[in-house]
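Trainee: Just input_13.txt, nothing more (compact mmCIF, C-alpha atoms and all ligand atoms):
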```
# COMPACT_ATOMS: atom_id res chain seq x y z
CA MET A 1 3.10 -23.04 17.61
CA ASN A 2 1.03 -24.00 14.56
CA SER A 3 3.09 -23.96 11.40
CA TYR A 4 0.09 -22.47 9.60
CA ILE A 5 -1.06 -19.06 10.69
CA THR A 6 -3.79 -16.73 9.54
CA ILE A 7 -2.32 -13.75 7.77
CA ILE A 8 -4.21 -10.50 7.31
CA ALA A 9 -3.00 -7.99 4.75
CA THR A 10 -4.75 -4.69 5.35
CA ALA A 11 -5.66 -2.41 2.46
CA ALA A 12 -7.19 0.99 1.87
CA MET A 13 -10.87 0.94 1.00
CA GLY A 14 -11.29 -0.04 -2.66
CA LEU A 15 -7.88 -1.71 -3.00
CA GLU A 16 -8.77 -5.04 -1.36
CA SER A 17 -9.23 -6.96 -4.63
CA ILE A 18 -5.89 -5.71 -5.95
CA VAL A 19 -4.14 -6.86 -2.77
CA ALA A 20 -5.92 -10.23 -3.07
CA GLN A 21 -4.58 -10.64 -6.62
CA GLU A 22 -1.09 -9.78 -5.41
CA VAL A 23 -1.35 -12.39 -2.64
CA LYS A 24 -2.53 -14.99 -5.17
CA ARG A 25 0.36 -14.13 -7.49
CA LEU A 26 2.69 -14.92 -4.60
CA GLY A 27 1.24 -18.43 -4.71
CA TYR A 28 -1.31 -18.40 -1.89
CA SER A 29 -4.82 -19.55 -2.70
CA GLU A 30 -8.09 -19.40 -0.78
CA VAL A 31 -7.74 -15.69 -0.19
CA ASN A 32 -10.79 -14.13 1.49
CA VAL A 33 -11.55 -10.55 0.63
CA GLU A 34 -13.16 -8.49 3.40
CA ASN A 35 -13.66 -4.77 4.00
CA GLY A 36 -10.23 -3.20 4.35
CA LYS A 37 -8.32 -6.47 4.35
CA VAL A 38 -7.63 -9.85 2.80
CA ARG A 39 -6.94 -12.97 4.83
CA PHE A 40 -5.44 -16.34 4.08
CA GLU A 41 -3.65 -19.24 5.78
CA ALA A 42 0.05 -19.85 5.21
CA ASP A 43 3.34 -20.38 6.98
CA ILE A 44 5.63 -17.75 8.48
CA GLN A 45 7.64 -17.49 5.23
CA ALA A 46 4.49 -15.97 3.72
CA VAL A 47 4.62 -13.14 6.27
CA ILE A 48 8.14 -12.34 5.10
CA ARG A 49 7.25 -12.62 1.42
CA CYS A 50 4.13 -10.48 1.82
CA ASN A 51 6.05 -7.75 3.63
CA LEU A 52 8.68 -7.74 0.90
CA TRP A 53 6.39 -8.07 -2.11
CA LEU A 54 2.92 -6.64 -1.51
CA ARG A 55 2.74 -3.36 -3.41
CA SER A 56 -0.74 -2.14 -2.55
CA ALA A 57 -1.27 -3.45 1.01
CA ASP A 58 -0.86 -1.23 4.10
CA ARG A 59 0.40 -3.82 6.61
CA VAL A 60 0.81 -7.52 7.14
CA LYS A 61 -0.65 -8.81 10.40
CA ILE A 62 -0.89 -12.18 12.11
CA LEU A 63 -4.22 -13.20 13.59
CA ILE A 64 -3.75 -14.45 17.15
CA GLY A 65 -7.42 -15.04 17.90
CA GLU A 66 -11.00 -13.97 17.24
CA PHE A 67 -14.15 -14.35 19.29
CA GLU A 68 -17.38 -12.63 20.32
CA ALA A 69 -17.35 -10.41 23.39
CA THR A 70 -20.04 -8.17 24.83
CA SER A 71 -18.55 -7.73 28.33
CA TYR A 72 -15.11 -6.78 29.61
CA ASP A 73 -14.96 -10.11 31.48
CA GLU A 74 -15.42 -12.01 28.23
CA LEU A 75 -12.83 -9.83 26.52
CA PHE A 76 -10.36 -10.43 29.36
CA GLU A 77 -10.86 -14.20 29.70
CA GLN A 78 -10.84 -14.97 25.98
CA THR A 79 -7.79 -12.79 25.38
CA LYS A 80 -6.02 -14.53 28.25
CA SER A 81 -6.84 -17.96 26.85
CA LEU A 82 -4.73 -17.29 23.73
CA PRO A 83 -1.09 -18.50 23.52
CA TRP A 84 0.57 -15.05 23.68
CA GLY A 85 3.79 -16.48 25.10
CA ASP A 86 4.35 -18.39 21.85
CA TYR A 87 4.71 -15.08 20.06
CA ILE A 88 5.87 -12.51 22.62
CA PRO A 89 9.06 -13.26 24.58
CA GLU A 90 9.67 -12.28 28.21
CA ASP A 91 11.19 -8.92 27.32
CA GLY A 92 8.96 -8.16 24.30
CA GLU A 93 7.45 -4.69 24.09
CA PHE A 94 3.74 -4.99 23.32
CA PRO A 95 1.75 -1.76 23.08
CA VAL A 96 -1.94 -2.37 22.39
CA ILE A 97 -3.84 -0.22 19.95
CA GLY A 98 -7.53 -0.57 19.28
CA LYS A 99 -10.65 0.31 17.35
CA SER A 100 -14.31 -0.41 17.91
CA VAL A 101 -17.14 -0.16 15.42
CA LYS A 102 -20.83 -0.89 16.15
CA SER A 103 -19.90 -2.88 19.28
CA LYS A 104 -21.17 -3.00 22.86
CA LEU A 105 -17.60 -2.50 24.10
CA TYR A 106 -17.24 0.89 22.46
CA SER A 107 -14.62 2.46 24.74
CA VAL A 108 -11.36 1.87 22.89
CA PRO A 109 -9.08 2.90 25.82
CA ASP A 110 -10.90 0.42 28.09
CA CYS A 111 -10.64 -2.40 25.52
CA GLN A 112 -6.93 -1.65 25.11
CA SER A 113 -6.19 -1.76 28.83
CA ILE A 114 -8.24 -4.96 29.39
CA VAL A 115 -6.39 -6.66 26.52
CA LYS A 116 -3.06 -5.42 27.87
CA LYS A 117 -3.80 -6.80 31.35
CA ALA A 118 -4.94 -10.15 29.96
CA ILE A 119 -1.76 -10.50 27.87
CA VAL A 120 0.42 -9.54 30.86
CA GLU A 121 -1.21 -12.27 32.96
CA LYS A 122 -0.84 -14.85 30.22
CA LEU A 123 2.79 -13.98 29.51
CA LYS A 124 3.72 -14.18 33.20
CA LYS A 125 2.09 -17.60 33.41
CA GLN A 126 3.53 -18.94 30.12
CA HIS A 127 7.05 -17.63 30.79
CA GLY A 128 6.87 -18.48 34.52
CA ILE A 129 7.75 -15.04 35.84
CA ALA A 130 6.22 -13.25 38.79
CA GLN A 131 7.73 -9.80 38.51
CA TRP A 132 7.04 -6.83 36.24
CA LEU A 133 7.54 -7.49 32.49
CA PRO A 134 10.43 -5.27 31.40
CA GLU A 135 9.23 -4.63 27.80
CA THR A 136 12.77 -3.70 26.78
CA GLY A 137 12.98 -6.08 23.80
CA SER A 138 11.61 -6.20 20.25
CA LEU A 139 8.30 -4.67 19.29
CA TYR A 140 5.11 -6.76 19.06
CA ARG A 141 2.33 -4.30 18.37
CA VAL A 142 -1.03 -5.81 19.28
CA GLU A 143 -4.27 -4.56 17.79
CA VAL A 144 -7.68 -5.24 19.27
CA ALA A 145 -10.33 -4.56 16.65
CA LEU A 146 -14.02 -4.90 17.47
CA HIS A 147 -16.65 -4.97 14.78
CA LYS A 148 -20.27 -5.80 15.68
CA ASN A 149 -19.03 -7.44 18.94
CA LYS A 150 -16.57 -9.66 17.10
CA VAL A 151 -13.06 -9.24 18.46
CA GLU A 152 -10.00 -9.70 16.30
CA LEU A 153 -6.58 -9.76 17.97
CA THR A 154 -3.59 -9.32 15.70
CA LEU A 155 0.17 -8.73 15.79
CA ASP A 156 1.62 -6.27 13.30
CA SER A 157 4.61 -7.77 11.47
CA SER A 158 5.40 -4.73 9.31
CA GLY A 159 6.27 -1.85 11.66
CA SER A 160 5.92 1.30 9.64
CA GLY A 161 3.26 1.03 6.93
CA LEU A 162 4.24 -0.74 3.71
CA HIS A 163 3.89 2.52 1.76
CA LYS A 164 7.16 3.54 3.41
CA ARG A 165 9.44 1.97 0.83
CA GLY A 166 12.40 4.04 2.00
CA TYR A 167 12.91 6.05 -1.18
CA ARG A 168 10.81 9.14 -0.57
CA TYR A 169 13.34 11.75 0.50
CA GLN A 170 11.53 14.68 -1.07
CA GLN A 171 7.87 15.32 -1.66
CA GLY A 172 5.51 17.98 -3.01
CA ASP A 173 2.25 19.32 -1.60
CA ALA A 174 0.05 16.35 -2.36
CA PRO A 175 2.12 13.19 -2.77
CA LEU A 176 0.33 10.00 -3.64
CA LYS A 177 0.79 7.06 -1.30
CA GLU A 178 3.15 4.53 -2.87
CA THR A 179 0.59 1.75 -2.24
CA LEU A 180 -2.10 3.65 -4.16
CA ALA A 181 0.33 4.50 -6.98
CA ALA A 182 1.17 0.80 -7.33
CA ALA A 183 -2.55 -0.03 -7.39
CA LEU A 184 -3.23 2.54 -10.14
CA ILE A 185 -0.54 0.93 -12.30
CA GLN A 186 -1.77 -2.58 -11.59
CA LEU A 187 -5.25 -1.53 -12.70
CA THR A 188 -3.86 -0.94 -16.21
CA ASN A 189 -2.74 -3.51 -18.78
CA TRP A 190 0.66 -1.86 -19.12
CA HIS A 191 3.47 -4.19 -20.06
CA PRO A 192 7.04 -3.11 -19.20
CA ASP A 193 7.96 -3.12 -22.91
CA GLN A 194 5.51 -0.29 -23.57
CA PRO A 195 6.03 3.46 -23.04
CA PHE A 196 4.72 4.74 -19.72
CA TYR A 197 4.21 8.43 -18.85
CA ASP A 198 3.16 10.42 -15.82
CA LEU A 199 2.54 13.99 -16.98
CA PHE A 200 1.99 15.35 -13.43
CA CYS A 201 4.71 13.41 -11.66
CA GLY A 202 5.19 15.57 -8.51
CA SER A 203 7.73 13.67 -6.40
CA GLY A 204 7.77 10.82 -8.91
CA THR A 205 5.77 8.16 -7.06
CA ILE A 206 3.91 6.74 -10.07
CA PRO A 207 6.94 6.41 -12.42
CA ILE A 208 9.07 4.99 -9.57
CA GLU A 209 6.43 2.38 -8.70
CA ALA A 210 6.09 1.57 -12.42
CA ALA A 211 9.85 0.96 -12.67
CA LEU A 212 9.76 -1.31 -9.59
CA ILE A 213 6.88 -3.27 -11.15
CA GLY A 214 8.55 -3.26 -14.58
CA GLN A 215 11.75 -4.84 -13.26
CA ASN A 216 9.93 -7.02 -10.73
CA ILE A 217 11.76 -5.41 -7.83
CA ALA A 218 10.26 -6.21 -4.40
CA PRO A 219 9.01 -2.86 -3.02
CA GLY A 220 10.16 -3.75 0.51
CA PHE A 221 13.67 -4.75 -0.48
CA ASN A 222 15.27 -1.55 0.81
CA ARG A 223 13.59 -1.23 4.19
CA SER A 224 13.30 -3.11 7.45
CA PHE A 225 10.33 -4.70 9.21
CA VAL A 226 9.69 -5.20 12.93
CA SER A 227 9.33 -8.95 12.50
CA GLU A 228 12.99 -9.15 11.41
CA GLU A 229 13.71 -8.75 15.14
CA TRP A 230 11.26 -11.39 16.31
CA GLU A 231 12.85 -14.33 18.12
CA TRP A 232 10.61 -16.98 16.61
CA VAL A 233 11.15 -15.85 13.01
CA SER A 234 14.55 -17.17 12.01
CA SER A 235 17.11 -14.98 10.31
CA GLU A 236 17.47 -17.80 7.73
CA ALA A 237 13.82 -17.33 6.80
CA TRP A 238 14.47 -13.62 6.21
CA GLU A 239 17.62 -14.47 4.23
CA ARG A 240 15.56 -16.81 2.06
CA GLY A 241 13.01 -14.07 1.44
CA LEU A 242 15.68 -11.54 0.48
CA GLU A 243 17.52 -14.02 -1.75
CA GLU A 244 14.30 -14.84 -3.54
CA ALA A 245 13.66 -11.12 -4.09
CA GLU A 246 17.17 -10.71 -5.49
CA ASP A 247 16.72 -13.71 -7.80
CA LEU A 248 13.36 -12.61 -9.13
CA ALA A 249 14.36 -9.02 -9.89
CA ASN A 250 14.76 -8.54 -13.61
CA TYR A 251 17.25 -5.69 -13.85
CA ASP A 252 17.72 -6.40 -17.58
CA GLN A 253 14.14 -5.48 -18.44
CA PRO A 254 14.40 -2.37 -20.60
CA LEU A 255 11.97 0.37 -19.60
CA ALA A 256 10.59 3.45 -21.32
CA ILE A 257 9.23 5.31 -18.29
CA TYR A 258 8.89 9.10 -18.31
CA GLY A 259 7.88 11.54 -15.59
CA SER A 260 7.25 15.23 -16.14
CA ASP A 261 5.94 18.13 -14.10
CA ILE A 262 5.46 21.83 -14.69
CA ARG A 263 7.60 22.62 -11.63
CA HIS A 264 11.31 22.26 -12.01
CA GLU A 265 11.81 21.54 -8.28
CA MET A 266 9.43 18.58 -8.49
CA VAL A 267 11.47 17.13 -11.35
CA GLU A 268 14.56 17.44 -9.15
CA ALA A 269 12.70 15.80 -6.22
CA SER A 270 11.67 12.91 -8.49
CA LYS A 271 15.26 12.40 -9.61
CA THR A 272 16.44 12.26 -5.98
CA ASN A 273 13.71 9.80 -5.02
CA ALA A 274 14.36 7.55 -8.04
CA PHE A 275 18.03 7.53 -7.13
CA GLU A 276 17.18 6.58 -3.53
CA ALA A 277 14.96 3.78 -4.87
CA GLY A 278 18.07 2.37 -6.54
CA LEU A 279 16.76 3.11 -10.01
CA GLY A 280 19.60 5.43 -10.98
CA ASP A 281 18.69 7.12 -14.26
CA LEU A 282 16.31 4.40 -15.42
CA ILE A 283 13.42 6.87 -15.56
CA GLN A 284 13.53 9.90 -17.82
CA TRP A 285 12.46 13.11 -16.06
CA LYS A 286 11.57 16.41 -17.68
CA GLN A 287 10.19 19.80 -16.71
CA MET A 288 7.17 20.18 -18.99
CA GLN A 289 3.62 21.48 -19.21
CA ALA A 290 1.34 18.40 -19.49
CA SER A 291 -0.32 19.73 -22.66
CA ASP A 292 3.08 19.79 -24.39
CA PHE A 293 3.04 15.99 -24.45
CA ALA A 294 4.27 14.49 -27.72
CA SER A 295 5.32 11.00 -28.73
CA ASP A 296 6.11 9.20 -31.99
CA GLN A 297 4.85 5.90 -30.52
CA SER A 298 1.46 4.61 -31.62
CA ILE A 299 0.70 2.89 -28.32
CA GLY A 300 1.56 3.75 -24.74
CA TYR A 301 0.22 4.44 -21.28
CA ILE A 302 -0.34 7.66 -19.37
CA VAL A 303 -1.08 7.26 -15.66
CA SER A 304 -1.40 10.49 -13.70
CA ASN A 305 -2.67 12.10 -10.55
CA PRO A 306 -3.16 15.71 -11.70
CA PRO A 307 -4.10 18.52 -9.29
CA TYR A 308 -7.81 18.46 -8.45
CA GLY A 309 -8.22 22.23 -8.30
CA GLU A 310 -9.75 22.26 -4.84
CA ARG A 311 -8.68 25.80 -4.05
CA LEU A 312 -10.84 28.35 -5.80
CA GLY A 313 -8.10 30.14 -7.73
CA ASP A 314 -6.57 26.86 -8.91
CA LYS A 315 -9.81 25.36 -10.17
CA LYS A 316 -10.05 27.44 -13.35
CA LYS A 317 -6.43 26.83 -14.17
CA ILE A 318 -6.56 23.06 -13.77
CA GLU A 319 -9.86 22.83 -15.65
CA GLU A 320 -8.18 24.61 -18.56
CA THR A 321 -5.33 22.06 -18.32
CA TYR A 322 -7.81 19.15 -18.44
CA LYS A 323 -9.36 20.69 -21.58
CA GLN A 324 -6.01 21.22 -23.31
CA LEU A 325 -4.94 17.70 -22.38
CA GLY A 326 -8.11 16.25 -23.89
CA THR A 327 -7.42 18.10 -27.16
CA VAL A 328 -3.78 17.00 -27.32
CA LEU A 329 -4.42 13.35 -26.42
CA ARG A 330 -7.13 13.00 -29.07
CA ASP A 331 -4.23 12.65 -31.53
CA TYR A 332 -3.11 9.47 -29.69
CA PRO A 333 -6.02 7.03 -30.11
CA GLY A 334 -3.80 3.99 -29.46
CA TRP A 335 -2.74 5.28 -26.06
CA SER A 336 -4.45 4.25 -22.84
CA ILE A 337 -4.99 7.12 -20.42
CA TYR A 338 -5.65 6.83 -16.70
CA MET A 339 -6.37 9.87 -14.52
CA LEU A 340 -7.11 9.95 -10.82
CA THR A 341 -8.98 13.10 -9.85
CA ALA A 342 -11.65 14.37 -7.49
CA ASN A 343 -12.90 16.79 -10.14
CA GLU A 344 -16.34 15.47 -11.08
CA GLN A 345 -16.35 17.44 -14.34
CA PHE A 346 -13.27 15.64 -15.62
CA GLU A 347 -14.96 13.76 -18.48
CA SER A 348 -16.71 16.82 -19.89
CA LEU A 349 -13.58 18.95 -19.58
CA PHE A 350 -11.40 16.24 -21.13
CA GLY A 351 -14.03 15.94 -23.84
CA GLN A 352 -14.49 12.20 -23.75
CA LYS A 353 -16.43 9.67 -21.69
CA ALA A 354 -14.17 7.23 -19.87
CA THR A 355 -14.23 3.57 -20.93
CA LYS A 356 -14.38 2.72 -17.24
CA LYS A 357 -14.47 4.56 -13.91
CA ARG A 358 -13.48 3.29 -10.50
CA LYS A 359 -14.13 5.00 -7.19
CA LEU A 360 -11.03 5.23 -5.02
CA PHE A 361 -10.00 7.16 -1.95
CA ASN A 362 -6.83 9.21 -2.09
CA GLY A 363 -6.39 9.51 1.68
CA PHE A 364 -9.73 10.98 2.74
CA ILE A 365 -10.48 12.50 -0.65
CA LYS A 366 -13.11 10.75 -2.74
CA THR A 367 -11.77 10.40 -6.27
CA ASP A 368 -12.58 8.66 -9.53
CA TYR A 369 -10.04 6.77 -11.57
CA TYR A 370 -10.94 7.65 -15.17
CA GLN A 371 -9.75 4.94 -17.55
CA TYR A 372 -9.59 5.42 -21.33
CA PHE A 373 -8.56 2.27 -23.15
CA GLY A 374 -6.45 2.79 -26.25
CA LYS A 375 -7.88 1.58 -29.56
CA ARG A 376 -6.21 -1.42 -31.19
CA ILE A 377 -4.26 -0.08 -34.14
C1 LIG B 401 -1.24 15.97 -7.12
S1 LIG B 401 0.36 16.41 -7.58
C2 LIG B 401 1.06 14.90 -8.10
C3 LIG B 401 1.67 14.15 -6.95
C4 LIG B 401 2.48 12.97 -7.36
N1 LIG B 401 1.64 11.89 -7.87
C5 LIG B 401 3.35 12.51 -6.20
O1 LIG B 401 3.21 11.36 -5.76
O2 LIG B 401 4.13 13.29 -5.68
C6 LIG B 401 0.11 17.24 -9.10
C7 LIG B 401 1.36 17.77 -9.76
O3 LIG B 401 0.98 18.34 -11.02
C8 LIG B 401 1.85 19.43 -11.30
N2 LIG B 401 1.16 20.29 -12.31
C9 LIG B 401 0.19 21.21 -12.10
N3 LIG B 401 -0.21 21.74 -13.29
C10 LIG B 401 0.52 21.13 -14.25
C11 LIG B 401 0.57 21.22 -15.67
N4 LIG B 401 -0.24 22.05 -16.33
N5 LIG B 401 1.44 20.43 -16.34
C12 LIG B 401 2.26 19.59 -15.67
N6 LIG B 401 2.28 19.46 -14.33
C13 LIG B 401 1.41 20.21 -13.63
C14 LIG B 401 2.09 20.08 -9.95
O4 LIG B 401 3.31 20.79 -9.96
C15 LIG B 401 2.11 18.87 -9.00
O5 LIG B 401 3.42 18.43 -8.73
```
Translate the structure of the given file into structure tokens.
Ligand SMILES: C[S@@+](CC[C@H](N)C(=O)[O-])C[C@H]1O[C@@H](n2cnc3c(N)ncnc32)[C@H](O)[C@@H]1O

Mentor:
Amino acid sequence: MNSYITIIATAAMGLESIVAQEVKRLGYSEVNVENGKVRFEADIQAVIRCNLWLRSADRVKILIGEFEATSYDELFEQTKSLPWGDYIPEDGEFPVIGKSVKSKLYSVPDCQSIVKKAIVEKLKKQHGIAQWLPETGSLYRVEVALHKNKVELTLDSSGSGLHKRGYRYQQGDAPLKETLAAALIQLTNWHPDQPFYDLFCGSGTIPIEAALIGQNIAPGFNRSFVSEEWEWVSSEAWERGLEEAEDLANYDQPLAIYGSDIRHEMVEASKTNAFEAGLGDLIQWKQMQASDFASDQSIGYIVSNPPYGERLGDKKKIEETYKQLGTVLRDYPGWSIYMLTANEQFESLFGQKATKKRKLFNGFIKTDYYQYFGKRI
């Protein structure tokens, strides 16, 4: 097998450039940014490092092959020509999932079954077996993705999505994905020495992700990945990845991270989740109305995902909260404030035009990330 492989880190729409920066920070250059993904060439150690370290990516995949196909014959033959047996052992389990956009081969179930058959034939040939493949071993999830007749065949090395850090034991009604929370923080200029607040913390995702960033803790350190079970990825390589993560964590970095929520039970949920994340009592949690915010610090960061007020009765209430918040935070000109909301009236309610706005999706909800840069004082 080639020692260099093409790695694809998938990302939610709008987060691709953040994932690309993360990949570059891990030391990989020549990173191509595409819709919903970034791709780059590196060795297998990079797959391990990306799974452990990428904070805003959804999954890490390995590209097995790509080609044009407008007929099922072409799809079958070209899939079969790829070296599947180098990756998938005799007993490997390899479900095939698929998607097709603007392509002649639009039937996803048909594409999946053609790809499955082609891989079966190739594996039998490469491994020299005539009988049925047992599929009782480790998981090698194959994806066939067609876009404008271009086929991309990948293997998923992550397993469950990278947002599953393994710390979320409790959640509220509208939890933010951990990957998006990490992206929101990375879009600020916050430095771990500075105060950091989430005034609508819910189950604590934003403060927890801030603490992981602040102490340079690999977000995947406490979970497992399917590729840990892969035969051709050595356990030494995984050991190296985990040792590196342990070495780079800076547990001595002092933090001033605060999370508060109007609901007492959410504060308790945040505490549980922070504990599960291994952060102990590093974050300070409090039951509080957002507009009761007060600090004696002249600079700091507030990063929040307040309710959007989508239900009719809630709308008035949350709009009043936005107004009160705007009034209170006017007394903190040195603070930088970042709010993710779908409420298009946010700026007028808050009473100030944002320095910068960025369109982001929170799941399927179109939101804006309103960014107010603190004045230098
Ligand atoms: C969209 S959720 C935040 C979800 C959170 N980011 C997470 O990952 O779980 C909004 C939170 O704001 C809280 N909230 C609503 N009104 C509030 C207010 N006036 N002051 C403080 N918190 C409030 C709700 O209890 C809810 O937990």

Trainee: Taking all atoms listed in the file into account, name the residue in A:Gln297, A:Thr188, A:Gln289, A:Ser348 that is nearest to ligand LIG 401 (chain B).

Mentor: A:Gln289

Trainee: Kindly give the distance, in Å, that separates atom CA of Lys316 of chain A and atom CA of Met266 of chain A, rounded to a single decimal.

Mentor: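 Atom CA of Met266 of chain A lies at a distance of 21.9 Å from atom CA of Lys316 of chain A.
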
Trainee: Counting all atoms listed in the file, which residue out of A:Gln126, A:Ala342, A:Glu93, A:Thr272 sits closest to Leu360 of chain A?

Mentor: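 Closest candidate: A:Ala342.
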
Trainee: I'd like the interatomic distance between atom CA of Thr10 of chain A and atom CA of Val60 of chain A, to a tenth of an Å.

Mentor: 6.5 Å

Trainee: Atom CA of Asp296 of chain A to atom CA of Gly326 of chain A: how many Å, to one decimal?

Mentor: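 Going from atom CA of Asp296 of chain A over to atom CA of Gly326 of chain A covers 17.8 Å.
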
Trainee: Residues of chain A within 9 Å of ligand LIG 401 (chain B): nearest atom pair and distance (Å, one decimal) for each, counting only C-alpha atoms and all ligand atoms, sorted by chain and number, as JSON lines?

Mentor:
```
{"residue": "A:Gln170", "atom": "CA", "partner": "B:LIG401", "partner_atom": "O2", "distance": 8.8}
{"residue": "A:Gln171", "atom": "CA", "partner": "B:LIG401", "partner_atom": "O2", "distance": 5.9}
{"residue": "A:Gly172", "atom": "CA", "partner": "B:LIG401", "partner_atom": "O2", "distance": 5.6}
{"residue": "A:Asp173", "atom": "CA", "partner": "B:LIG401", "partner_atom": "S1", "distance": 6.9}
{"residue": "A:Ala174", "atom": "CA", "partner": "B:LIG401", "partner_atom": "C1", "distance": 4.9}
{"residue": "A:Pro175", "atom": "CA", "partner": "B:LIG401", "partner_atom": "O2", "distance": 3.5}
{"residue": "A:Leu176", "atom": "CA", "partner": "B:LIG401", "partner_atom": "O1", "distance": 3.8}
{"residue": "A:Lys177", "atom": "CA", "partner": "B:LIG401", "partner_atom": "O1", "distance": 6.7}
{"residue": "A:Glu178", "atom": "CA", "partner": "B:LIG401", "partner_atom": "O1", "distance": 7.4}
{"residue": "A:Ala181", "atom": "CA", "partner": "B:LIG401", "partner_atom": "O1", "distance": 7.5}
{"residue": "A:Asp198", "atom": "CA", "partner": "B:LIG401", "partner_atom": "N1", "distance": 8.2}
{"residue": "A:Leu199", "atom": "CA", "partner": "B:LIG401", "partner_atom": "C12", "distance": 5.8}
{"residue": "A:Phe200", "atom": "CA", "partner": "B:LIG401", "partner_atom": "O3", "distance": 4.0}
{"residue": "A:Cys201", "atom": "CA", "partner": "B:LIG401", "partner_atom": "C4", "distance": 4.9}
{"residue": "A:Gly202", "atom": "CA", "partner": "B:LIG401", "partner_atom": "O5", "distance": 3.4}
{"residue": "A:Ser203", "atom": "CA", "partner": "B:LIG401", "partner_atom": "O2", "distance": 3.7}
{"residue": "A:Gly204", "atom": "CA", "partner": "B:LIG401", "partner_atom": "C5", "distance": 5.5}
{"residue": "A:Thr205", "atom": "CA", "partner": "B:LIG401", "partner_atom": "O1", "distance": 4.3}
{"residue": "A:Ile206", "atom": "CA", "partner": "B:LIG401", "partner_atom": "N1", "distance": 6.0}
{"residue": "A:Pro207", "atom": "CA", "partner": "B:LIG401", "partner_atom": "N1", "distance": 8.9}
{"residue": "A:Ser260", "atom": "CA", "partner": "B:LIG401", "partner_atom": "C12", "distance": 6.6}
{"residue": "A:Asp261", "atom": "CA", "partner": "B:LIG401", "partner_atom": "N6", "distance": 3.9}
{"residue": "A:Ile262", "atom": "CA", "partner": "B:LIG401", "partner_atom": "N6", "distance": 4.0}
{"residue": "A:Arg263", "atom": "CA", "partner": "B:LIG401", "partner_atom": "O4", "distance": 5.0}
{"residue": "A:His264", "atom": "CA", "partner": "B:LIG401", "partner_atom": "O4", "distance": 8.4}
{"residue": "A:Glu265", "atom": "CA", "partner": "B:LIG401", "partner_atom": "O4", "distance": 8.7}
{"residue": "A:Met266", "atom": "CA", "partner": "B:LIG401", "partner_atom": "O5", "distance": 6.0}
{"residue": "A:Val267", "atom": "CA", "partner": "B:LIG401", "partner_atom": "O5", "distance": 8.6}
{"residue": "A:Ala269", "atom": "CA", "partner": "B:LIG401", "partner_atom": "O2", "distance": 8.9}
{"residue": "A:Ser270", "atom": "CA", "partner": "B:LIG401", "partner_atom": "O2", "distance": 8.1}
{"residue": "A:Gln287", "atom": "CA", "partner": "B:LIG401", "partner_atom": "C12", "distance": 8.0}
{"residue": "A:Met288", "atom": "CA", "partner": "B:LIG401", "partner_atom": "C12", "distance": 6.0}
{"residue": "A:Gln289", "atom": "CA", "partner": "B:LIG401", "partner_atom": "N5", "distance": 3.8}
{"residue": "A:Ala290", "atom": "CA", "partner": "B:LIG401", "partner_atom": "N5", "distance": 3.7}
{"residue": "A:Ser291", "atom": "CA", "partner": "B:LIG401", "partner_atom": "N5", "distance": 6.6}
{"residue": "A:Asp292", "atom": "CA", "partner": "B:LIG401", "partner_atom": "N5", "distance": 8.2}
{"residue": "A:Ser304", "atom": "CA", "partner": "B:LIG401", "partner_atom": "N1", "distance": 6.7}
{"residue": "A:Asn305", "atom": "CA", "partner": "B:LIG401", "partner_atom": "N1", "distance": 5.1}
{"residue": "A:Pro306", "atom": "CA", "partner": "B:LIG401", "partner_atom": "C6", "distance": 4.4}
{"residue": "A:Pro307", "atom": "CA", "partner": "B:LIG401", "partner_atom": "C1", "distance": 4.4}
{"residue": "A:Tyr308", "atom": "CA", "partner": "B:LIG401", "partner_atom": "C1", "distance": 7.2}
{"residue": "A:Lys317", "atom": "CA", "partner": "B:LIG401", "partner_atom": "N3", "distance": 8.1}
{"residue": "A:Ile318", "atom": "CA", "partner": "B:LIG401", "partner_atom": "N3", "distance": 6.5}
{"residue": "A:Glu320", "atom": "CA", "partner": "B:LIG401", "partner_atom": "N4", "distance": 8.6}
{"residue": "A:Thr321", "atom": "CA", "partner": "B:LIG401", "partner_atom": "N4", "distance": 5.5}
{"residue": "A:Tyr322", "atom": "CA", "partner": "B:LIG401", "partner_atom": "N4", "distance": 8.4}
{"residue": "A:Leu325", "atom": "CA", "partner": "B:LIG401", "partner_atom": "N4", "distance": 8.8}
{"residue": "A:Thr341", "atom": "CA", "partner": "B:LIG401", "partner_atom": "C1", "distance": 8.7}
```

Trainee: Would you mind telling me which residue in A:Ala249, A:Leu329, A:Val96, A:Leu63 lies nearest to Gln352 of chain A when using only C-alpha atoms?

Mentor: A:Leu329

Trainee: So which residues touch Ser56 of chain A within 9 Å, counting all atoms listed in the file, skipping near sequence neighbours fewer than 5 positions away, as a ChimeraX atom specification?

Mentor: /A:11-12,15-16,18-19,22,162-163,178-183

Trainee: Env of Ser81 of chain A: 10 Å cut, atoms = all atoms listed in the file, seq-sep filter 6 positions within chain, self excluded. Answer as a PDB file with C-alpha atoms, keeping the file's coordinate frame.

Mentor:
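part-v8.pdb, written as the output of this step:
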```
ATOM      1  CA  GLY A  65      -7.420 -15.040  17.900  1.00  0.00           C
ATOM      2  CA  ALA A 118      -4.940 -10.150  29.960  1.00  0.00           C
ATOM      3  CA  ILE A 119      -1.760 -10.500  27.870  1.00  0.00           C
ATOM      4  CA  LYS A 122      -0.840 -14.850  30.220  1.00  0.00           C
TER       5      LYS A 122
END
```
